[in-house]
Amino acid sequence: MNGPTSRGRLIRFSVFQLDLDSGELFKQGRKIKLQGQPFELLAALLERPGEVVTREELQQKVWPSDTAGSFDQGLNRAINKVREALGDSAESPQFIETLPRRGYRFIGTIQPESVPEAAPQTLPPPASIAPPPTPSAPPPIPSRRTRWAAIAVSAAVIASLAAIWATHRGSAGYTEIRLQQLTTNSSENPVWHAVISPDGKYLAYGDLAGIQIRVISTGESHLLPRPAALSAADGGFRQPGFRMEPPS
């Protein structure tokens with residue numbers, strides 16, 4: 001039979017394997033004849049590599065019942081068989097070193113036991129990754145039709161106010177009309193959609209800053225945010241605001 005039958009207690013050194021469970025020695029997978037006390041002697045030395053195993057320790061372990069004379073003879077025969085099996089020699093030892101009148105020492109290198117390969121671990125399936133949130137859509141830009149509708153509404157309001165004012169002035173009789181400038185906006189910030197309240201106290205007009213409400217008598221102004229549907233780029237009335245009033 002080739003190769004060790006047990007993977008339990010194997011001692012490997014150089015090209016050899018010592019199977020402590022089966023009591024067999026193998027060289028490169030082939031069984032070497034070494035049994036009985038020579039095998040036990042080699043096992044005792046391999047269990048303490050690099051240490052001196054005294055003759056007394058070997059006698060107690062391998063030859064516990066032999067007398068001194070028979071022990072010496074048995075030890076010498078066992079050492080010779082071990083060296084023969086390993087191809088070793090006492091003059092230039094590679095494995096078994098003799099320490100005169102003391103004992104023997106294993107001077108070879110013990111190979112570490114091979115660790116059984118761990119079974120491959122099955123990784124859990126990757127967690128499902130939620131798709132990134134869809135960015136919220138930007139606020140809708142008013143269409144051209146919506147902007148023109150807003151401009152039309154503003155124009156209608158202005159026309160209605162003008163009709164009311166004309167009716168009121170007509171009923172009071174004809175008087176001379178004088179123009180007075182009510183805004184001082186520059187050309188970079190033009191006025192658009194200017195209207196006067198029916199009672200003639202307030203002026204409402206738009207510019208780049210928003211919608212301005214001005215008290216005509218004092219010139220005090222209040223700024224209102226411009227509706228999103230209206231923009232200065234839409235065109236419309238851009239003439240400076242005027243108020244018509246009779247001369248004093």
# chains A, B, ... in the order shown; residues from 1 in each chain; ligands from 1
$ residues_around --residues "Lys201 in chain A" --least-positions-apart "3" --cutoff "8 Å" --atoms "only C-alpha atoms" --output "list in words"
Ile196, Ser197, Pro198, Val215, Ile216 and Ser217 of chain A
$ residues_around --residues "range 16-18 of chain A" --least-positions-apart "5" --cutoff "12 Å" --atoms "only C-alpha atoms" --output "PyMOL selection string"
chain A and resi 2-11+23-35+39-47+85-87+95+108-113
$ residues_around --residues "Thr98 in chain A" --least-positions-apart "4" --cutoff "12 Å" --atoms "only C-alpha atoms" --output "ChimeraX atom specification"
/A:45,51-55,75-76,79-80,83,88-94,102-107
$ closest_residue --among "A:His193, A:Trp63, A:Asp199, A:Leu99" --to "Gln212 in chain A" --atoms "only C-alpha atoms"
A:His193
$ atom_distance --atom1 "CA of Thr67 in chain A" --atom2 "CA of Ile96 in chain A"
24.2 Å
$ atom_distance --atom1 "CA of Ser187 in chain A" --atom2 "CA of Gly200 in chain A"
26.0 Å
$ atom_distance --atom1 "CA of Val15 in chain A" --atom2 "CA of Val62 in chain A"
25.2 Å
$ select_by_dssp --residues "range 3-37 of chain A" --states "strand (DSSP E or B)" --output "PyMOL selection string"
chain A and resi 10-13+16-19+24-27+30-32
$ write_last_selection --atoms "N, CA and C atoms" --output "CSV table (one decimal), in the first residue's frame"
chain,number,residue,atom,x,y,z
A,10,LEU,N,0.4,12.9,11.6
A,10,LEU,CA,1.5,12.7,10.6
A,10,LEU,C,2.6,13.6,11.0
A,11,ILE,N,3.9,13.1,11.0
A,11,ILE,CA,5.0,14.0,11.2
A,11,ILE,C,5.8,13.9,9.9
A,12,ARG,N,6.0,15.1,9.3
A,12,ARG,CA,6.7,15.2,8.0
A,12,ARG,C,8.1,15.8,8.2
A,13,PHE,N,9.1,15.2,7.6
A,13,PHE,CA,10.4,15.8,7.6
A,13,PHE,C,11.1,15.3,6.3
A,16,PHE,N,10.1,12.3,4.1
A,16,PHE,CA,9.5,11.3,4.8
A,16,PHE,C,8.3,11.7,5.5
A,17,GLN,N,7.4,10.7,5.8
A,17,GLN,CA,6.2,10.9,6.6
A,17,GLN,C,6.1,9.8,7.6
A,18,LEU,N,5.9,10.2,8.8
A,18,LEU,CA,5.8,9.1,9.9
A,18,LEU,C,4.3,9.2,10.4
A,19,ASP,N,3.6,8.1,10.2
A,19,ASP,CA,2.2,8.0,10.6
A,19,ASP,C,2.2,7.3,12.0
A,24,GLU,N,3.7,3.5,10.6
A,24,GLU,CA,4.3,3.2,9.4
A,24,GLU,C,5.2,4.5,9.0
A,25,LEU,N,6.2,4.2,8.2
A,25,LEU,CA,7.1,5.3,7.7
A,25,LEU,C,7.0,5.2,6.2
A,26,PHE,N,6.9,6.4,5.6
A,26,PHE,CA,6.8,6.5,4.1
A,26,PHE,C,7.8,7.5,3.6
A,27,LYS,N,8.3,7.1,2.4
A,27,LYS,CA,9.3,8.0,1.7
A,27,LYS,C,8.7,8.3,0.4
A,30,ARG,N,6.0,6.1,-0.6
A,30,ARG,CA,6.3,4.6,-0.6
A,30,ARG,C,6.6,4.2,0.8
A,31,LYS,N,6.0,3.1,1.2
A,31,LYS,CA,6.2,2.6,2.6
A,31,LYS,C,7.7,2.0,2.7
A,32,ILE,N,8.3,2.5,3.9
A,32,ILE,CA,9.6,2.0,4.2
A,32,ILE,C,9.5,1.0,5.4
